[in-house]
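Take a look at the structure below.
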Amino acid sequence: MLRGVQASCLAKWSAVVPTVVERESEDARAPDNSGARPPVQLERGRRLSASLLWAVQRAFFLRHGASAWSAGHVPHYITNNPSIAQAYADMVAAYLHDQRSCGIVSTQEDPLFIVELGSGSGRFAYQFLMRLQMLSQGTSDGQVPVRYVMTDFNRDLLPYWQQHPALGPLLSKGLLDCAVFDAGQPSDLHLARSKTLLSRDAVAHPMVVIANYFFDSIPTDCFTIKEGRLHESLVTTFSSSTDPTLGNPELLPSLELSFDDRPTNADYYAEPEFNRILRRYQERLGDTTVLFPTAALRCIDYFRDLSSGRLLVLTADKGYDREEELLQREAPQLALHGSFSLTVNYHAIGEYVRGAHGLALHPPHQPAQLTLAAYLFGDAERHCATARSYREVMTERSPDDFFSLKTALEPHYQDLTAIQMLAYLRLSGFDGDLFLGCFPYLLEKVRSASGPLRSQTAALVRRIWATYYPLTDESDMAFCLGTLLCAMEYYGQALEYLECSIEAYGPNPQRLYNVALCCYRLRDWDRARDAVGQALEIAPEFSKARDLSIAIEGARESTQTAYAGTVLP
């Protein structure tokens with residue numbers, strides 16, 4: 001029986017270029033003489049964090065549920081792949097080591113909770129836990145109790161996670177749980193499976209919070225600095241849609257924003273630490289516009305209180321972590337990708353953490369696509385291994401660096417040798433998505449590969465399957481893996497994957513033909529005849545299947561192998 005995702009459930013789980021909503025001031029709006037319907041003003045002079053934009057955002061995710069990711073509406077690969085999951089798992093393992101070294105966490109105590117905000121499809125959680133379990137094998141840290149909690153504000157995602165075949169074993173072991181959590185209104189988490197209330201009194205140990213592609217999609221404020229004076233940038237929102245209601249799926253692309261800058265002062269918030277950061281910006285930045293991550297900071301503060309000030313936050317997003325990146329900025333623009341996002345001001349988050357005597361870890365170099373940051377609250381001297389792990393990850397095997405490499409290599413897979421493709425897939429952490437991109441080229445190259453290279457490829461197949469997390473039924477991973485093994489003459493192993501494919505997606509001529517070919521090579525004549533017969537029932541004109549059928553009948557009589565057909569990709 002194949003390990004990993006259960007084949008019987010696979011069929012159930014069957015790069016978007018961002019569009020920009022341009023800023024346009026009301027004064028600059030030209031009269032519309034075309035006869036087209038003029039834009040409708042939906043709100044005027046609103047603080048950005050209180051804008052209706054966020055209600056539109058919520059309506060999008062409530063409407064689409066899990067299909068927001070599985071159908072490709074929202075880009076998510078860059079923060080949902082083995083490379084970043086392994087990086088996070090390594091840092092969390094180091095954090096656990098630090099806590100054990102200080103005697104804060106022991107094997108006899110309650111679990112250390114890892115809470116993921118906006119868990120989406122569940123792919124990151126699965127890949128993270130696979131890596132963390134591997135790291136814990138054979139070490140004393142392996143006995144540290146851990147419970148990973150997937151969260152989202154949309155409670156309809158909880159049944160999806162609980163029914164997903166890849167997550168089922170993790171839920172059964174108690175390694176995984178899920179809860180509703182709304183970053184706009186943080187409150188105690190009710191864990192759906194264990195029925196635990198995750199309140200301040202119930203959290204006995206430090207916590208880890210993971211927020212990938214999350215802080216860019218929750219409320220933020222906007223400020224402009226002009227000639228040393230601070231202004232709040234208030235948004236006015238228009239829509240060109242004929243149905244400007246929250247339930248309209250076309251509303252978001254129809255929105256147009258303009259900003260009105262009104263003088264204010266740095267005593268803007270009830271939180272003194274927020275105002276300290278604003279005052280610093282007013283004094284140092286010159287003329288510019290900055291986003292202020294209001295909801296992100298309050299969310300971090302909530303978990304800081306929940307964990308009694310012992311917290312590790314791991315977050316990755318498109319963002320600015322250096323003060324110089326905030327200079328001479330224009331008014332913000334929405335990046336549309338099904339939902340919308342804004343660039344995260346990680347510099348402000350870092351300032352907040354340092355103001356609370358925490359440790360803010362930002363990339364040592366300018367990220368190309370993704371800023372991965374770590375924030376530690378508590379005694380900094382207790383976090384040596386965690387800080388070292390972060391530096392190693394970001395310097396030597398940055399997920400952002402790997403994504404840049406992936407982007408450059410994708411158009412050239414056909415030019416790679418089989419050895420180069422195997423190396424690439426190993427470096428990726430055995431990424432199934434990348435394997436599917438390489439598959440047609442790798443299939444051709446392994447047909448003539450040497451024995452050692454075939455053995456390496458077979459080992460790669462097992463690792464890819466073990467980390468595979470299905471999102472859609474469009475990519476039949478089991479068929480691709482089985483076909484690759486069959487092409488290398490690993491017929492027994494190939495059959496396991498091909499049968500898994502048929503169980504999940506049903507019989508079709510290609511699947512049945514490859515099963516028949518494997519059985520033929522294994523001299524299992526009866527089984528081969530049954531499979532090829534089914535293929536011909538579905539596709540009577542399938543010439544390769546007819547040829548194989550003749551060869552099978554001949555072999556049944558003479559036990560001589562004569563058919564030289566190849567697998568079908």
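Each chain of the structure tokens is named A, B, ... in the order shown, its residues numbered from 1; ligands are numbered from 1 in display order.
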Sort by chain and increasing residue number a table of all residues of range 269-330 of chain A within 6 Å of range 371-382 of chain A, each with its closest pair of atoms and their distance in Å to one decimal, counting only C-alpha atoms, and write it as CSV.
residue,atom,partner,partner_atom,distance
A:Gly309,CA,A:Gly378,CA,5.9
A:Arg310,CA,A:Gly378,CA,5.1
A:Leu311,CA,A:Phe377,CA,5.1
A:Leu312,CA,A:Leu376,CA,4.7
A:Val313,CA,A:Tyr375,CA,5.0
A:Leu314,CA,A:Ala374,CA,4.7
A:Thr315,CA,A:Ala373,CA,5.4
A:Ala316,CA,A:Leu372,CA,4.2
A:Asp317,CA,A:Thr371,CA,5.4
A:Lys318,CA,A:Thr371,CA,5.7
A:Gly319,CA,A:Thr371,CA,6.0
Report as a tab-separated table: every residue of range 158-276 of chain A with an atom at most 12 Å from range 454-471 of chain A, its closest pair of atoms, and their distance in Å to one decimal, counting only C-alpha atoms, with rows sorted by chain and ascending residue number.
residue	atom	partner	partner_atom	distance
A:Tyr160	CA	A:Leu471	CA	11.2
A:Trp161	CA	A:Leu471	CA	11.4
A:His164	CA	A:Pro470	CA	9.0
A:Pro165	CA	A:Tyr469	CA	9.0
A:Ala166	CA	A:Tyr469	CA	6.4
A:Leu167	CA	A:Tyr469	CA	9.0
A:Gly168	CA	A:Tyr469	CA	12.0
Hey, can you spit out that residue selection with all heavy atoms as a CSV table (one decimal), in the first residue's frame?
chain,number,residue,atom,x,y,z
A,160,TYR,N,-13.7,21.3,5.2
A,160,TYR,CA,-12.8,21.0,4.1
A,160,TYR,C,-11.4,20.4,4.6
A,160,TYR,O,-11.0,19.4,4.2
A,160,TYR,CB,-12.5,22.2,3.3
A,160,TYR,CG,-11.4,22.0,2.2
A,160,TYR,CD1,-11.7,21.5,1.0
A,160,TYR,CD2,-10.1,22.5,2.5
A,160,TYR,CE1,-10.7,21.3,0.0
A,160,TYR,CE2,-9.1,22.3,1.5
A,160,TYR,CZ,-9.5,21.7,0.3
A,160,TYR,OH,-8.5,21.6,-0.7
A,161,TRP,N,-10.9,21.1,5.6
A,161,TRP,CA,-9.6,20.6,6.2
A,161,TRP,C,-9.8,19.2,6.9
A,161,TRP,O,-9.0,18.3,6.8
A,161,TRP,CB,-9.1,21.6,7.3
A,161,TRP,CG,-8.7,22.9,6.7
A,161,TRP,CD1,-8.3,23.2,5.4
A,161,TRP,CD2,-8.7,24.2,7.4
A,161,TRP,NE1,-8.0,24.5,5.3
A,161,TRP,CE2,-8.3,25.1,6.5
A,161,TRP,CE3,-9.0,24.6,8.7
A,161,TRP,CZ2,-8.2,26.5,6.8
A,161,TRP,CZ3,-8.9,25.9,9.0
A,161,TRP,CH2,-8.5,26.9,8.1
A,164,HIS,N,-10.0,16.4,4.4
A,164,HIS,CA,-9.0,16.2,3.4
A,164,HIS,C,-8.1,14.9,3.8
A,164,HIS,O,-7.7,14.8,4.9
A,164,HIS,CB,-8.0,17.4,3.4
A,164,HIS,CG,-7.2,17.5,2.2
A,164,HIS,ND1,-6.2,16.6,1.9
A,164,HIS,CD2,-7.3,18.3,1.1
A,164,HIS,CE1,-5.6,16.9,0.7
A,164,HIS,NE2,-6.3,17.9,0.2
A,165,PRO,N,-7.9,14.0,2.8
A,165,PRO,CA,-7.3,12.8,3.1
A,165,PRO,C,-5.8,12.9,3.6
A,165,PRO,O,-5.3,12.1,4.4
A,165,PRO,CB,-7.3,12.0,1.8
A,165,PRO,CG,-7.6,13.1,0.8
A,165,PRO,CD,-8.4,14.1,1.4
A,166,ALA,N,-5.1,14.0,3.2
A,166,ALA,CA,-3.8,14.2,3.6
A,166,ALA,C,-3.7,14.6,5.0
A,166,ALA,O,-2.7,14.3,5.8
A,166,ALA,CB,-3.1,15.2,2.7
A,167,LEU,N,-4.7,15.4,5.5
A,167,LEU,CA,-4.7,15.9,6.9
A,167,LEU,C,-5.3,14.9,7.9
A,167,LEU,O,-5.0,15.1,9.1
A,167,LEU,CB,-5.4,17.2,6.9
A,167,LEU,CG,-4.9,18.3,6.0
A,167,LEU,CD1,-5.8,19.6,6.1
A,167,LEU,CD2,-3.4,18.7,6.3
A,168,GLY,N,-6.0,14.0,7.4
A,168,GLY,CA,-6.7,13.0,8.3
A,168,GLY,C,-5.8,12.4,9.3
A,168,GLY,O,-6.1,12.4,10.5
Neighbours of range 339-355 of chain A within 9 Å (only C-alpha atoms; same-chain residues fewer than 5 positions away dropped), as a PyMOL selection string?
chain A and resi 18+56-58+60-61+68+73-74+213-218+220+252+273-274+276-278+290-293+296-297+317-323+326+332-334+360-362+371+373+375-377
Would you pick out the contacts of range 487-498 of chain A at 7 Å or less, using only C-alpha atoms, so that residues sharing its chain but fewer than 2 positions from it are not included, and give the list as a PyMOL selection string?
chain A and resi 2+446-447+454+478-479+481-485+500-502+511+515+518+522+567
Between CA of Ser307 in chain A and CA of Arg131 in chain A, measure the distance and give it in Å to one decimal.
24.5 Å
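For the set A:Asp476, A:Asp401, A:Glu43, A:Asp433, the residue with the smallest atom-to-atom gap to Thr237 in chain A is A:Glu43, counting only C-alpha atoms.
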What's around Gly184 in chain A at 10 Å? Count only C-alpha atoms, leave out sequence neighbours fewer than 6 positions away in its own chain, and write the answer as a list of chain:residue names.
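Neighbouring residues, sequence-local ones excluded: A:Ser49, A:Trp54, A:Phe153, A:Ile218, A:Pro219, A:Thr294, A:Ala295, A:Ala296, A:Arg298, A:Cys299.
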Atomic separation - CA of Gln137 in chain A relative to CA of Tyr424 in chain A, Å:
25.5 Å
Proximity to Ser187 in chain A - best of A:Leu306, A:Ala555, A:Ala418, A:Val40, only C-alpha atoms
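Using only C-alpha atoms, Ser187 in chain A sits closest to A:Leu306.
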From A:Ser428, A:Thr288, A:Gln133, A:Asn212, residue lying nearest Val146 in chain A [only C-alpha atoms]:
A:Gln133
Expected answer as a PDB file with N, CA, C and O atoms, in the first residue's frame: strand (DSSP E) residues in range 215-247 of chain A:
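Result file is out-v3.pdb:
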ATOM      1  N   ASP A 221      -3.627  51.059   7.741  1.00  0.00           N
ATOM      2  CA  ASP A 221      -3.869  52.487   7.584  1.00  0.00           C
ATOM      3  C   ASP A 221      -2.823  53.095   6.663  1.00  0.00           C
ATOM      4  O   ASP A 221      -1.803  52.467   6.356  1.00  0.00           O
ATOM      5  N   CYS A 222      -3.085  54.311   6.241  1.00  0.00           N
ATOM      6  CA  CYS A 222      -2.189  54.997   5.317  1.00  0.00           C
ATOM      7  C   CYS A 222      -1.930  56.420   5.819  1.00  0.00           C
ATOM      8  O   CYS A 222      -2.864  57.124   6.229  1.00  0.00           O
ATOM      9  N   PHE A 223      -0.663  56.823   5.783  1.00  0.00           N
ATOM     10  CA  PHE A 223      -0.260  58.165   6.210  1.00  0.00           C
ATOM     11  C   PHE A 223       0.673  58.777   5.166  1.00  0.00           C
ATOM     12  O   PHE A 223       1.448  58.065   4.525  1.00  0.00           O
ATOM     13  N   THR A 224       0.580  60.072   5.029  1.00  0.00           N
ATOM     14  CA  THR A 224       1.466  60.820   4.143  1.00  0.00           C
ATOM     15  C   THR A 224       2.209  61.875   4.957  1.00  0.00           C
ATOM     16  O   THR A 224       1.624  62.526   5.830  1.00  0.00           O
ATOM     17  N   ILE A 225       3.479  62.017   4.666  1.00  0.00           N
ATOM     18  CA  ILE A 225       4.307  63.046   5.314  1.00  0.00           C
ATOM     19  C   ILE A 225       4.648  64.097   4.267  1.00  0.00           C
ATOM     20  O   ILE A 225       5.175  63.772   3.201  1.00  0.00           O
ATOM     21  N   LYS A 226       4.297  65.344   4.564  1.00  0.00           N
ATOM     22  CA  LYS A 226       4.581  66.462   3.668  1.00  0.00           C
ATOM     23  C   LYS A 226       5.254  67.572   4.463  1.00  0.00           C
ATOM     24  O   LYS A 226       4.674  68.082   5.422  1.00  0.00           O
ATOM     25  N   ARG A 229       5.167  67.341   8.174  1.00  0.00           N
ATOM     26  CA  ARG A 229       3.871  67.214   8.848  1.00  0.00           C
ATOM     27  C   ARG A 229       3.230  65.879   8.487  1.00  0.00           C
ATOM     28  O   ARG A 229       3.316  65.408   7.351  1.00  0.00           O
ATOM     29  N   LEU A 230       2.560  65.283   9.466  1.00  0.00           N
ATOM     30  CA  LEU A 230       1.907  64.001   9.278  1.00  0.00           C
ATOM     31  C   LEU A 230       0.466  64.207   8.827  1.00  0.00           C
ATOM     32  O   LEU A 230      -0.254  65.048   9.374  1.00  0.00           O
ATOM     33  N   HIS A 231       0.044  63.444   7.824  1.00  0.00           N
ATOM     34  CA  HIS A 231      -1.332  63.496   7.321  1.00  0.00           C
ATOM     35  C   HIS A 231      -1.911  62.081   7.301  1.00  0.00           C
ATOM     36  O   HIS A 231      -1.205  61.116   6.973  1.00  0.00           O
ATOM     37  N   GLU A 232      -3.177  61.957   7.653  1.00  0.00           N
ATOM     38  CA  GLU A 232      -3.862  60.689   7.419  1.00  0.00           C
ATOM     39  C   GLU A 232      -4.403  60.703   6.002  1.00  0.00           C
ATOM     40  O   GLU A 232      -4.991  61.687   5.548  1.00  0.00           O
ATOM     41  N   SER A 233      -4.158  59.612   5.276  1.00  0.00           N
ATOM     42  CA  SER A 233      -4.613  59.506   3.892  1.00  0.00           C
ATOM     43  C   SER A 233      -5.945  58.763   3.895  1.00  0.00           C
ATOM     44  O   SER A 233      -5.995  57.547   4.145  1.00  0.00           O
ATOM     45  N   LEU A 234      -7.017  59.497   3.634  1.00  0.00           N
ATOM     46  CA  LEU A 234      -8.368  58.947   3.672  1.00  0.00           C
ATOM     47  C   LEU A 234      -8.798  58.540   2.274  1.00  0.00           C
ATOM     48  O   LEU A 234      -8.567  59.252   1.303  1.00  0.00           O
ATOM     49  N   VAL A 235      -9.434  57.385   2.191  1.00  0.00           N
ATOM     50  CA  VAL A 235      -9.751  56.812   0.887  1.00  0.00           C
ATOM     51  C   VAL A 235     -11.195  57.131   0.484  1.00  0.00           C
ATOM     52  O   VAL A 235     -12.112  57.126   1.311  1.00  0.00           O
ATOM     53  N   THR A 236     -11.358  57.431  -0.792  1.00  0.00           N
ATOM     54  CA  THR A 236     -12.689  57.514  -1.417  1.00  0.00           C
ATOM     55  C   THR A 236     -12.726  56.430  -2.484  1.00  0.00           C
ATOM     56  O   THR A 236     -11.786  56.279  -3.278  1.00  0.00           O
ATOM     57  N   THR A 237     -13.806  55.672  -2.492  1.00  0.00           N
ATOM     58  CA  THR A 237     -13.892  54.500  -3.359  1.00  0.00           C
ATOM     59  C   THR A 237     -15.055  54.653  -4.334  1.00  0.00           C
ATOM     60  O   THR A 237     -16.171  54.996  -3.944  1.00  0.00           O
ATOM     61  N   PHE A 238     -14.747  54.392  -5.606  1.00  0.00           N
ATOM     62  CA  PHE A 238     -15.751  54.422  -6.677  1.00  0.00           C
ATOM     63  C   PHE A 238     -15.840  53.032  -7.304  1.00  0.00           C
ATOM     64  O   PHE A 238     -14.898  52.245  -7.245  1.00  0.00           O
ATOM     65  N   SER A 239     -16.971  52.780  -7.934  1.00  0.00           N
ATOM     66  CA  SER A 239     -17.144  51.533  -8.676  1.00  0.00           C
ATOM     67  C   SER A 239     -17.799  51.819 -10.018  1.00  0.00           C
ATOM     68  O   SER A 239     -18.771  52.582 -10.096  1.00  0.00           O
TER      69      SER A 239
END
Per-residue DSSP, range 71-117 of chain A, filtered to helix (DSSP H, G or I), as a compact mmCIF listing (two decimals) with N, CA and C atoms, in the first residue's frame:
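Okay, this is what ended up in states33.txt:
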# COMPACT_ATOMS: atom_id res chain seq x y z
N TYR A 77 1.52 29.67 -4.51
CA TYR A 77 2.63 28.72 -4.57
C TYR A 77 3.83 29.18 -3.74
N ILE A 78 4.19 30.46 -3.85
CA ILE A 78 5.44 30.94 -3.26
C ILE A 78 5.47 30.75 -1.74
N THR A 79 4.33 30.70 -1.08
CA THR A 79 4.30 30.47 0.36
C THR A 79 3.68 29.11 0.70
N PRO A 82 7.38 23.01 -0.60
CA PRO A 82 8.28 22.34 0.36
C PRO A 82 9.47 23.18 0.80
N SER A 83 9.97 24.06 -0.07
CA SER A 83 11.14 24.86 0.27
C SER A 83 10.86 25.75 1.48
N ILE A 84 9.77 26.49 1.46
CA ILE A 84 9.47 27.38 2.58
C ILE A 84 8.96 26.59 3.78
N ALA A 85 8.23 25.51 3.55
CA ALA A 85 7.75 24.70 4.68
C ALA A 85 8.93 24.10 5.44
N GLN A 86 9.94 23.64 4.72
CA GLN A 86 11.11 23.08 5.38
C GLN A 86 11.89 24.15 6.14
N ALA A 87 11.98 25.35 5.55
CA ALA A 87 12.68 26.44 6.23
C ALA A 87 11.99 26.77 7.56
N TYR A 88 10.68 26.85 7.54
CA TYR A 88 9.93 27.16 8.77
C TYR A 88 10.08 26.03 9.78
N ALA A 89 9.98 24.79 9.32
CA ALA A 89 10.09 23.67 10.24
C ALA A 89 11.46 23.65 10.92
N ASP A 90 12.49 23.96 10.15
CA ASP A 90 13.84 24.01 10.74
C ASP A 90 13.93 25.09 11.82
N MET A 91 13.31 26.25 11.56
CA MET A 91 13.36 27.32 12.56
C MET A 91 12.53 26.97 13.79
N VAL A 92 11.40 26.33 13.59
CA VAL A 92 10.58 25.94 14.75
C VAL A 92 11.29 24.85 15.56
N ALA A 93 11.97 23.92 14.87
CA ALA A 93 12.73 22.90 15.59
C ALA A 93 13.82 23.55 16.44
N ALA A 94 14.46 24.58 15.89
CA ALA A 94 15.48 25.31 16.67
C ALA A 94 14.84 26.03 17.85
N TYR A 95 13.64 26.58 17.65
CA TYR A 95 12.92 27.26 18.74
C TYR A 95 12.57 26.27 19.85
N LEU A 96 12.13 25.08 19.46
CA LEU A 96 11.84 24.04 20.45
C LEU A 96 13.10 23.67 21.23
N HIS A 97 14.20 23.59 20.50
CA HIS A 97 15.47 23.28 21.16
C HIS A 97 15.82 24.36 22.19
N ASP A 98 15.65 25.61 21.81
CA ASP A 98 15.92 26.71 22.74
C ASP A 98 15.05 26.61 23.98
N GLN A 99 13.77 26.31 23.80
CA GLN A 99 12.86 26.24 24.95
C GLN A 99 13.21 25.07 25.86
N ARG A 100 13.57 23.95 25.25
CA ARG A 100 13.96 22.79 26.07
C ARG A 100 15.26 23.04 26.82
N SER A 101 16.19 23.70 26.15
CA SER A 101 17.48 23.99 26.79
C SER A 101 17.32 24.86 28.02
Neighbours of range 199-204 of chain A within 9 Å (only C-alpha atoms; same-chain residues fewer than 5 positions away dropped), as a PDB file with N, CA and C atoms, in the first residue's frame?
ATOM      1  N   GLU A 109       4.686  17.936  29.570  1.00  0.00           N
ATOM      2  CA  GLU A 109       3.755  19.039  29.739  1.00  0.00           C
ATOM      3  C   GLU A 109       2.791  19.154  28.565  1.00  0.00           C
ATOM      4  N   ASP A 110       1.912  20.148  28.631  1.00  0.00           N
ATOM      5  CA  ASP A 110       0.930  20.385  27.590  1.00  0.00           C
ATOM      6  C   ASP A 110       1.627  20.755  26.290  1.00  0.00           C
ATOM      7  N   PRO A 111       0.919  20.681  25.161  1.00  0.00           N
ATOM      8  CA  PRO A 111       1.576  20.930  23.881  1.00  0.00           C
ATOM      9  C   PRO A 111       1.978  22.386  23.682  1.00  0.00           C
ATOM     10  N   LEU A 112       2.999  22.563  22.874  1.00  0.00           N
ATOM     11  CA  LEU A 112       3.348  23.886  22.383  1.00  0.00           C
ATOM     12  C   LEU A 112       2.513  24.122  21.132  1.00  0.00           C
ATOM     13  N   PHE A 113       1.747  25.199  21.127  1.00  0.00           N
ATOM     14  CA  PHE A 113       0.826  25.461  20.036  1.00  0.00           C
ATOM     15  C   PHE A 113       1.500  26.268  18.930  1.00  0.00           C
ATOM     16  N   SER A 187     -10.030  36.771  19.289  1.00  0.00           N
ATOM     17  CA  SER A 187     -10.686  36.234  20.482  1.00  0.00           C
ATOM     18  C   SER A 187     -10.198  34.810  20.686  1.00  0.00           C
ATOM     19  N   ASP A 188     -10.537  34.223  21.820  1.00  0.00           N
ATOM     20  CA  ASP A 188     -10.074  32.879  22.150  1.00  0.00           C
ATOM     21  C   ASP A 188     -10.427  31.888  21.044  1.00  0.00           C
ATOM     22  N   LEU A 189      -9.510  30.979  20.779  1.00  0.00           N
ATOM     23  CA  LEU A 189      -9.707  29.997  19.721  1.00  0.00           C
ATOM     24  C   LEU A 189     -10.341  28.735  20.294  1.00  0.00           C
ATOM     25  N   HIS A 190     -11.420  28.282  19.670  1.00  0.00           N
ATOM     26  CA  HIS A 190     -12.079  27.035  20.046  1.00  0.00           C
ATOM     27  C   HIS A 190     -11.612  25.946  19.071  1.00  0.00           C
ATOM     28  N   ASP A 305       0.122  38.516  24.134  1.00  0.00           N
ATOM     29  CA  ASP A 305      -0.562  38.437  25.425  1.00  0.00           C
ATOM     30  C   ASP A 305      -1.006  37.007  25.719  1.00  0.00           C
ATOM     31  N   LEU A 306      -1.516  36.306  24.697  1.00  0.00           N
ATOM     32  CA  LEU A 306      -2.001  34.937  24.878  1.00  0.00           C
ATOM     33  C   LEU A 306      -0.885  34.012  25.356  1.00  0.00           C
ATOM     34  N   SER A 307       0.342  34.261  24.871  1.00  0.00           N
ATOM     35  CA  SER A 307       1.481  33.407  25.204  1.00  0.00           C
ATOM     36  C   SER A 307       2.286  33.949  26.380  1.00  0.00           C
ATOM     37  N   SER A 308       1.758  34.939  27.073  1.00  0.00           N
ATOM     38  CA  SER A 308       2.456  35.569  28.213  1.00  0.00           C
ATOM     39  C   SER A 308       3.826  36.098  27.808  1.00  0.00           C
TER      40      SER A 308
END
